[in-house]
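Next comes run00.cif, with mmCIF, C-alpha atoms and all ligand atoms.
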data_upload
#
loop_
_atom_site.label_atom_id
_atom_site.label_comp_id
_atom_site.auth_asym_id
_atom_site.auth_seq_id
_atom_site.Cartn_x
_atom_site.Cartn_y
_atom_site.Cartn_z
CA MET A 1197 21.44 3.37 -32.61
CA ALA A 1198 19.31 1.24 -30.32
CA SER A 1199 16.20 3.04 -29.19
CA TYR A 1200 13.70 2.12 -26.51
CA ARG A 1201 10.24 3.26 -25.47
CA ILE A 1202 9.92 3.74 -21.74
CA THR A 1203 6.56 4.29 -20.07
CA LEU A 1204 7.01 6.48 -17.00
CA LEU A 1205 4.46 6.11 -14.22
CA ALA A 1206 5.35 8.85 -11.76
CA GLY A 1207 2.20 8.27 -9.71
CA ASP A 1208 1.67 9.94 -6.37
CA GLY A 1209 3.41 11.58 -3.43
CA ILE A 1210 7.16 11.78 -3.94
CA GLY A 1211 6.75 9.93 -7.27
CA PRO A 1212 7.08 12.95 -9.59
CA GLU A 1213 10.16 14.30 -7.75
CA ILE A 1214 12.12 11.08 -7.92
CA THR A 1215 10.96 10.40 -11.48
CA ALA A 1216 12.37 13.76 -12.63
CA ILE A 1217 15.77 12.77 -11.27
CA ALA A 1218 15.68 9.30 -12.82
CA VAL A 1219 14.82 10.81 -16.21
CA LYS A 1220 17.76 13.24 -16.11
CA LEU A 1221 20.15 10.45 -15.21
CA LEU A 1222 18.75 8.06 -17.79
CA GLU A 1223 19.09 10.72 -20.48
CA ARG A 1224 22.69 11.26 -19.48
CA VAL A 1225 23.67 7.57 -19.56
CA ALA A 1226 21.82 7.07 -22.84
CA GLN A 1227 23.97 9.80 -24.32
CA GLN A 1228 27.13 8.36 -22.79
CA PHE A 1229 26.45 4.81 -23.95
CA ASN A 1230 24.96 5.71 -27.26
CA PHE A 1231 21.35 4.62 -27.21
CA GLN A 1232 18.08 6.49 -27.30
CA LEU A 1233 15.24 6.56 -24.80
CA ASP A 1234 11.77 7.83 -25.66
CA PHE A 1235 9.79 8.62 -22.54
CA ASP A 1236 6.02 8.54 -22.34
CA HIS A 1237 4.41 9.78 -19.12
CA GLN A 1238 1.18 8.03 -18.15
CA PRO A 1239 -1.04 8.39 -15.08
CA VAL A 1240 -1.52 5.62 -12.51
CA GLY A 1241 -2.80 5.45 -8.93
CA GLY A 1242 -4.18 8.62 -7.36
CA ASP A 1243 -2.89 10.68 -10.29
CA ALA A 1244 -5.07 8.59 -12.62
CA ILE A 1245 -8.04 8.74 -10.24
CA GLU A 1246 -7.87 12.54 -10.50
CA LYS A 1247 -7.58 12.55 -14.29
CA PHE A 1248 -9.65 9.51 -15.33
CA GLY A 1249 -11.63 8.49 -12.26
CA GLU A 1250 -9.87 5.11 -12.05
CA PRO A 1251 -6.43 3.99 -10.83
CA LEU A 1252 -5.39 2.17 -14.02
CA PRO A 1253 -6.96 3.68 -17.16
CA ALA A 1254 -7.01 1.43 -20.22
CA SER A 1255 -4.83 3.97 -22.02
CA THR A 1256 -2.10 3.60 -19.38
CA LEU A 1257 -2.14 -0.19 -19.58
CA ALA A 1258 -2.05 -0.05 -23.39
CA ALA A 1259 0.93 2.34 -23.33
CA CYS A 1260 2.76 0.03 -20.93
CA LYS A 1261 2.12 -2.99 -23.13
CA ALA A 1262 3.46 -1.13 -26.17
CA SER A 1263 6.72 -0.11 -24.47
CA ASP A 1264 10.06 -1.80 -23.93
CA ALA A 1265 10.00 -1.22 -20.19
CA VAL A 1266 7.92 0.50 -17.54
CA LEU A 1267 9.42 2.62 -14.76
CA LEU A 1268 7.06 3.31 -11.87
CA ALA A 1269 7.82 5.59 -8.94
CA ALA A 1270 5.13 5.26 -6.26
CA ILE A 1271 1.39 5.25 -5.77
CA GLY A 1272 -1.06 5.97 -2.97
CA ALA A 1273 -2.18 8.81 -0.73
CA PRO A 1274 -4.19 8.96 2.49
CA LYS A 1275 -7.06 10.80 0.78
CA TYR A 1276 -8.00 7.60 -1.08
CA ASP A 1277 -7.99 5.36 2.00
CA ASN A 1278 -11.75 5.35 2.29
CA LEU A 1279 -12.56 4.54 -1.34
CA PRO A 1280 -13.92 1.06 -2.14
CA ARG A 1281 -11.04 -1.38 -2.69
CA GLN A 1282 -11.40 -1.51 -6.49
CA GLN A 1283 -11.06 2.25 -6.81
CA ARG A 1284 -8.01 2.69 -4.62
CA PRO A 1285 -4.55 3.49 -6.02
CA GLU A 1286 -3.20 0.09 -4.88
CA SER A 1287 -5.76 -1.65 -7.07
CA GLY A 1288 -4.21 0.14 -10.03
CA LEU A 1289 -0.85 -1.39 -9.22
CA LEU A 1290 -2.35 -4.86 -8.79
CA ALA A 1291 -4.23 -4.50 -12.08
CA LEU A 1292 -1.01 -3.42 -13.78
CA ARG A 1293 0.83 -6.47 -12.46
CA ALA A 1294 -1.98 -8.73 -13.61
CA GLY A 1295 -2.43 -6.90 -16.93
CA LEU A 1296 1.23 -7.30 -17.85
CA ASP A 1297 1.37 -10.83 -16.36
CA LEU A 1298 4.29 -9.83 -14.14
CA PHE A 1299 4.45 -13.00 -12.10
CA ALA A 1300 8.07 -12.69 -10.94
CA ASN A 1301 9.05 -9.95 -8.52
CA LEU A 1302 12.78 -9.62 -7.82
CA ARG A 1303 13.79 -7.66 -4.75
CA PRO A 1304 17.53 -7.61 -4.16
CA VAL A 1305 18.80 -6.57 -0.72
CA ALA A 1306 22.50 -5.86 -0.45
CA ILE A 1307 24.26 -3.96 2.29
CA VAL A 1308 26.03 -0.86 1.02
CA PRO A 1309 29.23 -0.60 3.11
CA ALA A 1310 28.88 3.20 3.40
CA LEU A 1311 25.46 2.73 5.03
CA ILE A 1312 26.29 -0.04 7.45
CA ASP A 1313 25.53 2.19 10.43
CA ALA A 1314 22.11 3.17 9.10
CA SER A 1315 20.64 -0.21 10.04
CA SER A 1316 18.89 -0.82 13.32
CA LEU A 1317 20.79 -4.12 13.47
CA ARG A 1318 24.40 -4.44 14.55
CA PRO A 1319 27.01 -4.12 11.78
CA GLU A 1320 28.38 -7.63 12.45
CA VAL A 1321 24.91 -9.09 11.82
CA ILE A 1322 24.33 -7.36 8.50
CA SER A 1323 27.76 -6.88 6.96
CA GLY A 1324 28.08 -8.88 3.78
CA VAL A 1325 24.34 -9.48 3.39
CA ASP A 1326 23.50 -9.96 -0.27
CA LEU A 1327 20.18 -11.68 -0.87
CA LEU A 1328 17.41 -11.71 -3.41
CA VAL A 1329 13.72 -12.18 -2.67
CA VAL A 1330 11.93 -13.84 -5.59
CA ARG A 1331 8.26 -13.18 -4.88
CA GLU A 1332 5.38 -14.64 -6.86
CA LEU A 1333 3.34 -11.58 -7.84
CA THR A 1334 0.16 -12.45 -9.73
CA GLY A 1335 -1.32 -15.29 -7.69
CA GLY A 1336 -1.85 -16.47 -4.16
CA ILE A 1337 -4.14 -14.77 -1.69
CA TYR A 1338 -3.87 -11.41 -3.47
CA PHE A 1339 -5.86 -12.69 -6.43
CA GLY A 1340 -7.47 -15.97 -5.33
CA GLN A 1341 -11.20 -16.54 -5.69
CA PRO A 1342 -13.59 -16.64 -3.94
CA LYS A 1343 -13.11 -13.48 -1.94
CA GLY A 1344 -15.33 -10.84 -0.50
CA ARG A 1345 -17.59 -9.97 2.39
CA VAL A 1346 -20.97 -11.50 3.16
CA GLN A 1347 -23.67 -10.78 5.66
CA LEU A 1348 -24.49 -13.85 7.75
CA GLU A 1349 -27.93 -14.78 9.05
CA ASN A 1350 -26.80 -14.44 12.65
CA GLY A 1351 -26.12 -10.75 12.02
CA GLU A 1352 -22.36 -11.16 11.72
CA GLU A 1353 -20.38 -10.18 8.68
CA ARG A 1354 -17.71 -12.48 7.29
CA GLY A 1355 -14.71 -11.43 5.18
CA PHE A 1356 -12.68 -13.97 3.24
CA ASN A 1357 -9.86 -14.41 0.73
CA THR A 1358 -8.50 -17.58 -0.77
CA MET A 1359 -4.86 -18.58 -1.03
CA THR A 1360 -4.57 -20.60 -4.21
CA TYR A 1361 -1.70 -21.78 -6.39
CA SER A 1362 -1.86 -24.09 -9.34
CA SER A 1363 1.10 -26.32 -10.14
CA SER A 1364 2.00 -24.29 -13.24
CA GLU A 1365 1.97 -21.05 -11.24
CA VAL A 1366 4.41 -22.55 -8.74
CA ASP A 1367 6.56 -24.06 -11.47
CA ARG A 1368 7.11 -20.84 -13.37
CA ILE A 1369 8.16 -18.79 -10.34
CA ALA A 1370 10.28 -21.66 -8.98
CA LYS A 1371 12.11 -21.83 -12.31
CA VAL A 1372 12.95 -18.12 -12.09
CA ALA A 1373 14.32 -18.63 -8.57
CA PHE A 1374 16.37 -21.73 -9.47
CA ASP A 1375 17.83 -19.98 -12.53
CA LEU A 1376 18.78 -16.90 -10.51
CA ALA A 1377 20.25 -19.01 -7.70
CA ARG A 1378 22.42 -20.72 -10.29
CA GLN A 1379 23.73 -17.31 -11.43
CA ARG A 1380 24.43 -16.27 -7.84
CA ARG A 1381 25.82 -18.43 -5.00
CA GLY A 1382 23.67 -21.46 -5.79
CA VAL A 1383 21.67 -21.41 -2.55
CA LEU A 1384 17.87 -21.36 -2.68
CA CYS A 1385 15.51 -21.24 0.29
CA SER A 1386 11.82 -21.77 -0.48
CA VAL A 1387 9.49 -20.23 2.09
CA ASP A 1388 6.09 -21.71 2.90
CA LYS A 1389 3.75 -22.75 5.68
CA ALA A 1390 3.53 -26.40 4.67
CA ASN A 1391 2.95 -27.51 8.26
CA VAL A 1392 -0.48 -25.85 8.12
CA LEU A 1393 -1.55 -24.92 4.58
CA ASP A 1394 -2.45 -27.30 1.76
CA VAL A 1395 -1.50 -24.68 -0.79
CA SER A 1396 1.97 -24.62 0.77
CA GLN A 1397 2.28 -28.40 0.60
CA LEU A 1398 1.62 -28.22 -3.12
CA TRP A 1399 4.18 -25.39 -3.38
CA ARG A 1400 6.80 -27.50 -1.57
CA ASP A 1401 6.09 -30.60 -3.67
CA ARG A 1402 6.48 -28.68 -6.94
CA VAL A 1403 9.70 -26.98 -5.79
CA ASN A 1404 11.14 -30.35 -4.72
CA GLU A 1405 10.24 -31.82 -8.07
CA MET A 1406 12.03 -29.05 -9.93
CA ALA A 1407 15.13 -29.46 -7.78
CA GLY A 1408 15.96 -32.59 -9.76
CA ALA A 1409 16.81 -30.41 -12.75
CA TYR A 1410 19.12 -28.22 -10.65
CA PRO A 1411 21.59 -30.56 -8.91
CA ASP A 1412 24.00 -27.61 -8.62
CA VAL A 1413 21.53 -25.57 -6.51
CA ASN A 1414 21.43 -26.19 -2.78
CA LEU A 1415 17.70 -26.14 -1.97
CA SER A 1416 16.16 -25.84 1.48
CA HIS A 1417 12.64 -25.13 2.74
CA MET A 1418 11.72 -22.88 5.62
CA TYR A 1419 8.43 -22.08 7.30
CA VAL A 1420 7.58 -18.42 6.93
CA ASP A 1421 7.58 -17.69 10.65
CA ASN A 1422 11.06 -19.14 11.00
CA ALA A 1423 12.21 -17.25 7.89
CA ALA A 1424 11.03 -13.99 9.46
CA MET A 1425 13.14 -14.79 12.50
CA GLN A 1426 16.20 -15.99 10.57
CA LEU A 1427 16.21 -12.82 8.47
CA VAL A 1428 17.06 -10.72 11.51
CA ARG A 1429 19.02 -13.40 13.36
CA GLN A 1430 21.47 -14.41 10.68
CA PRO A 1431 20.63 -12.83 7.32
CA ARG A 1432 23.90 -13.84 5.66
CA GLN A 1433 22.63 -17.45 5.44
CA PHE A 1434 20.34 -16.41 2.58
CA ASP A 1435 21.13 -16.13 -1.11
CA VAL A 1436 17.81 -16.50 -2.98
CA LEU A 1437 14.50 -16.62 -1.09
CA LEU A 1438 11.55 -17.98 -3.05
CA THR A 1439 8.16 -16.91 -1.73
CA SER A 1440 4.48 -16.73 -2.52
CA ASN A 1441 2.85 -13.34 -3.01
CA LEU A 1442 1.84 -12.54 0.58
CA PHE A 1443 4.85 -14.06 2.31
CA GLY A 1444 7.15 -12.19 -0.06
CA ASP A 1445 5.36 -8.93 0.58
CA ILE A 1446 5.98 -9.25 4.29
CA LEU A 1447 9.49 -10.70 4.19
CA SER A 1448 10.74 -8.21 1.62
CA ASP A 1449 9.80 -5.28 3.86
CA GLU A 1450 11.60 -6.99 6.69
CA ALA A 1451 14.63 -7.72 4.52
CA ALA A 1452 14.60 -4.12 3.31
CA MET A 1453 15.18 -2.86 6.82
CA LEU A 1454 18.43 -4.80 7.07
CA THR A 1455 19.83 -1.97 4.96
CA GLY A 1456 18.49 0.69 7.29
CA SER A 1457 16.42 2.48 4.68
CA ILE A 1458 13.67 1.25 2.47
CA GLY A 1459 14.67 4.29 0.41
CA MET A 1460 17.55 2.29 -1.06
CA LEU A 1461 15.84 -0.72 -2.57
CA PRO A 1462 14.87 -1.28 -6.20
CA SER A 1463 12.74 -4.05 -7.67
CA ALA A 1464 11.87 -5.64 -10.97
CA SER A 1465 8.61 -7.35 -11.90
CA LEU A 1466 8.85 -9.61 -14.91
CA GLY A 1467 6.60 -11.76 -17.04
CA SER A 1468 7.51 -14.48 -19.49
CA SER A 1469 7.45 -12.02 -22.38
CA GLY A 1470 6.62 -8.36 -22.78
CA PRO A 1471 7.94 -5.37 -20.86
CA GLY A 1472 9.06 -5.58 -17.25
CA LEU A 1473 8.03 -3.11 -14.56
CA PHE A 1474 10.76 -1.53 -12.47
CA GLU A 1475 9.98 0.31 -9.26
CA PRO A 1476 11.41 1.22 -5.89
CA VAL A 1477 10.19 -0.92 -2.99
CA HIS A 1478 9.24 2.16 -0.96
CA GLY A 1479 5.88 3.89 -1.19
CA SER A 1480 4.72 7.40 -2.02
CA ALA A 1481 5.76 8.94 1.35
CA PRO A 1482 2.89 11.47 1.46
CA ASP A 1483 4.32 13.07 4.61
CA ILE A 1484 7.31 14.49 2.72
CA ALA A 1485 5.81 14.79 -0.77
CA GLY A 1486 6.47 18.00 -2.69
CA GLN A 1487 9.09 19.19 -0.20
CA ASP A 1488 12.21 18.10 -2.06
CA LEU A 1489 13.13 15.80 0.83
CA ALA A 1490 12.77 12.36 -0.75
CA ASN A 1491 15.58 9.87 -1.23
CA PRO A 1492 15.78 9.25 -4.99
CA LEU A 1493 18.34 6.44 -4.78
CA ALA A 1494 15.95 3.46 -4.90
CA MET A 1495 14.36 5.01 -7.98
CA VAL A 1496 17.76 5.47 -9.59
CA LEU A 1497 18.69 1.89 -8.73
CA SER A 1498 15.35 0.76 -10.22
CA ALA A 1499 16.25 2.62 -13.39
CA ALA A 1500 19.55 0.72 -13.35
CA MET A 1501 17.68 -2.59 -13.01
CA MET A 1502 15.55 -1.53 -15.96
CA LEU A 1503 18.64 -0.83 -18.04
CA ARG A 1504 20.22 -4.17 -17.18
CA ILE A 1505 17.28 -6.57 -17.18
CA GLY A 1506 14.79 -4.79 -19.41
CA LEU A 1507 17.05 -3.19 -22.02
CA LYS A 1508 20.23 -5.27 -21.70
CA GLN A 1509 22.28 -2.08 -21.39
CA ASP A 1510 24.61 -3.47 -18.72
CA ALA A 1511 27.30 -0.82 -18.96
CA ALA A 1512 24.81 2.02 -18.50
CA ALA A 1513 23.23 0.17 -15.57
CA LEU A 1514 26.60 -0.21 -13.91
CA ALA A 1515 27.35 3.48 -14.44
CA LEU A 1516 24.18 4.44 -12.56
CA GLU A 1517 24.94 2.00 -9.75
CA ASN A 1518 28.47 3.31 -9.48
CA ALA A 1519 27.17 6.88 -9.30
CA VAL A 1520 24.95 5.89 -6.37
CA SER A 1521 27.87 4.26 -4.54
CA ALA A 1522 30.08 7.27 -5.28
CA VAL A 1523 27.72 9.87 -3.79
CA LEU A 1524 27.24 7.73 -0.70
CA GLU A 1525 30.97 7.28 -0.28
CA GLN A 1526 31.40 11.04 -0.58
CA GLY A 1527 29.09 11.31 2.44
CA PHE A 1528 26.05 12.76 0.68
CA ARG A 1529 22.78 11.72 2.30
CA THR A 1530 19.10 12.54 2.14
CA GLY A 1531 17.35 13.00 5.48
CA ASP A 1532 16.30 9.36 5.85
CA LEU A 1533 19.95 8.24 5.92
CA MET A 1534 21.50 11.22 7.65
CA ALA A 1535 24.40 10.38 9.97
CA ASP A 1536 27.13 12.30 11.81
CA GLY A 1537 29.74 13.78 9.52
CA CYS A 1538 27.60 13.45 6.40
CA THR A 1539 26.25 16.20 4.17
CA LYS A 1540 22.49 16.47 4.09
CA LEU A 1541 21.05 17.03 0.64
CA ALA A 1542 17.64 17.77 -0.76
CA CYS A 1543 16.25 15.32 -3.31
CA SER A 1544 17.08 17.59 -6.25
CA ALA A 1545 20.58 18.30 -4.93
CA MET A 1546 21.17 14.54 -4.68
CA GLY A 1547 20.17 14.37 -8.33
CA GLU A 1548 22.81 16.99 -9.18
CA GLU A 1549 25.50 15.07 -7.28
CA LEU A 1550 24.55 11.89 -9.12
CA LEU A 1551 24.90 13.70 -12.45
CA ARG A 1552 28.30 14.96 -11.37
CA ALA A 1553 29.32 11.44 -10.36
CA LEU A 1554 28.31 10.17 -13.80
CA ALA A 1555 30.49 12.73 -15.55
C1 LIG B 1 4.38 -3.89 -2.53
C2 LIG B 1 3.20 -3.14 -1.97
C3 LIG B 1 1.95 -3.62 -2.70
C4 LIG B 1 1.79 -5.09 -2.40
C5 LIG B 1 0.67 -2.84 -2.36
C6 LIG B 1 0.84 -1.36 -2.55
C7 LIG B 1 -0.48 -3.35 -3.16
O1 LIG B 1 3.12 -3.32 -0.60
O2 LIG B 1 4.67 -3.72 -3.73
O3 LIG B 1 5.03 -4.62 -1.79
O4 LIG B 1 1.23 -5.47 -1.38
O5 LIG B 1 2.22 -5.89 -3.24
MN MN B 2 4.75 -4.48 0.25
#
Using structure tokens, write down the structure from this file.
Amino acid sequence: MASYRITLLAGDGIGPEITAIAVKLLERVAQQFNFQLDFDHQPVGGDAIEKFGEPLPASTLAACKASDAVLLAAIGAPKYDNLPRQQRPESGLLALRAGLDLFANLRPVAIVPALIDASSLRPEVISGVDLLVVRELTGGIYFGQPKGRVQLENGEERGFNTMTYSSSEVDRIAKVAFDLARQRRGVLCSVDKANVLDVSQLWRDRVNEMAGAYPDVNLSHMYVDNAAMQLVRQPRQFDVLLTSNLFGDILSDEAAMLTGSIGMLPSASLGSSGPGLFEPVHGSAPDIAGQDLANPLAMVLSAAMMLRIGLKQDAAALALENAVSAVLEQGFRTGDLMADGCTKLACSAMGEELLRALA
């Protein structure tokens, strides 16, 4: 029987609640599809700051590296907002991405027909939207050097970061995007700010060069400001969006809201070898933490992405995804998605319905 080691990073806020549900469902599908999962809980973010005094202890990173896949729920809490940057929960996540060399972040956004009215956009604008943001995750302005804050002689302080990409960094993320576009509808839009930024001109040149190897992919380029507008104007035009780290961070939040709830969206972060990291796009939602109110569906869909991409257990992945669709079609909703005529469920009760849908 195939067996896999999964590192679970429940993290902060609603993280533990939604992780508990994902674990129950994963155990059930493993049983149904005849493979074994060994779970190893490790601290990250605020949880790790409490236990180890740092957001990514070496033991957590080592456990992740030794596993077949990593499933992360959420990190961050307001109480850490005033810590120096390096000690904050978010730095743990960035260090994890860098430590596992997870340069490719995949964020699929598809409209679930049962939730079409949950969006703040009109149904005719969003129906049929099915796009994928491919975000570069270990470079760009998030990691570029030099960066910092300096005191100037005139008494001012200056803060600075550097947006850098090398040709090989662009090439490897562009290849991921071209390959995925080929598996989807064959349409790739590369996002940049080449009218202003040198780093974007390099990005565009490298992407154009790679296009020669993908004559079957329809490539276009779009400035990031226009892309932000087009995403709400006519989102169906997009299939795969290729972005740098910062642009993808911003555009993927925007794209997420096409669905009406960021509580629905999973993501995968992948390197060229080694385990991938799978996590919901939403954060730790400290305002509702510990109250059994969270929407666990993005976490469950992230677990499904882990099964499909990380473990190649496609049938089990599909079973989880079908369970999510089934509960939504039956009208079950957590508070974030509540609509007239639907049944409002607590987080744990949603977990029970998902288990029932699997059976
Ligand atoms: C995300 C988050 C992170 C990011 C933060 C928490 C560091 O916003 O995964 O999109 O900016 O990448
Ligand atoms: Mn973000």
- Choose the residue, out of A:Thr1203, A:Val1436, A:Ser1362, A:Leu1376, that has the smallest atom-to-atom separation from Arg1402 (chain A); count only C-alpha atoms.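 Among A:Thr1203, A:Val1436, A:Ser1362, A:Leu1376, it is A:Ser1362 that comes nearest to Arg1402 (chain A).
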- Item | Contacts of Leu1328 (chain A) at 7 Å (only C-alpha atoms; same-chain gap of 6+ positions) as a PyMOL selection string | chain A and resi 1302-1305+1435-1437
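With distances restricted to only C-alpha atoms, A:Leu1292 is the closest residue to Leu1268 (chain A) from A:Leu1292, A:Leu1503, A:Leu1541, A:Leu1233.
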- Starting from the point (12.1, 13.3, -11.9), work out which residues of protein, DNA or RNA have an atom no more than 10 Å away when counting only C-alpha atoms; state them as a PyMOL selection string. chain A and resi 1204+1206+1210-1221+1269+1492+1495-1496+1543-1544+1547
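Minimum distance to Met1460 (chain A) across A:Leu1311, A:Val1266, A:Leu1348, A:Val1383 (counting only C-alpha atoms) occurs at A:Leu1311.
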- Message: Residues contacting ligand MN 2 (chain B) - anything with an atom at most 9 Å away, using only C-alpha atoms and all ligand atoms - can you give me those as a ChimeraX atom specification?
- Response: /A:1442,1444-1449,1477-1479
- Message: Could you list, as JSON, numbers by chain, every residue within 12 Å of Leu1384 (chain A), counting only C-alpha atoms and ignoring same-chain residues fewer than 3 positions away?
- Response: {"A": [1327, 1328, 1329, 1330, 1370, 1371, 1372, 1373, 1374, 1375, 1376, 1377, 1378, 1379, 1380, 1381, 1387, 1403, 1404, 1407, 1410, 1411, 1412, 1413, 1414, 1415, 1416, 1417, 1418, 1433, 1434, 1435, 1436, 1437, 1438, 1439]}
- With all atoms listed in the file as the basis for distance, which of A:Arg1368, A:Lys1540, A:Arg1318, A:Arg1284 is at the shortest distance from ligand LIG 1 (chain B)?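 The closest residue to ligand LIG 1 (chain B) is A:Arg1284.
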- Item | Shell around Phe1231 (chain A) at 9 Å using all atoms listed in the file, local window under 6 positions removed, as a ChimeraX atom specification | /A:1197-1200,1225,1509
- Item | Separation of CA of Ser1287 (chain A) from CA of Leu1461 (chain A), in Å and rounded to one decimal | 22.1 Å
- Using only C-alpha atoms and all ligand atoms, which of A:Gly1467, A:Gly1486, A:Pro1251, A:Gly1288 sits nearest ligand LIG 1 (chain B)?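 Selected residue with least distance to ligand LIG 1 (chain B): A:Gly1288.
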- Go through A:Ala1423, A:Ala1451, A:Ala1259, A:Ala1409 and flag the residue nearest ligand LIG 1 (chain B), using only C-alpha atoms and all ligand atoms for the distances. A:Ala1451
- Item | Å distance separating CA of Leu1427 (chain A) from CA of Glu1450 (chain A), one decimal place |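 Computing it gives 7.6 Å between the two atoms.
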- Query: Do you have the CA of Ser1364 (chain A)-CA of Lys1343 (chain A) distance handy?
  - Reply: 21.7 Å
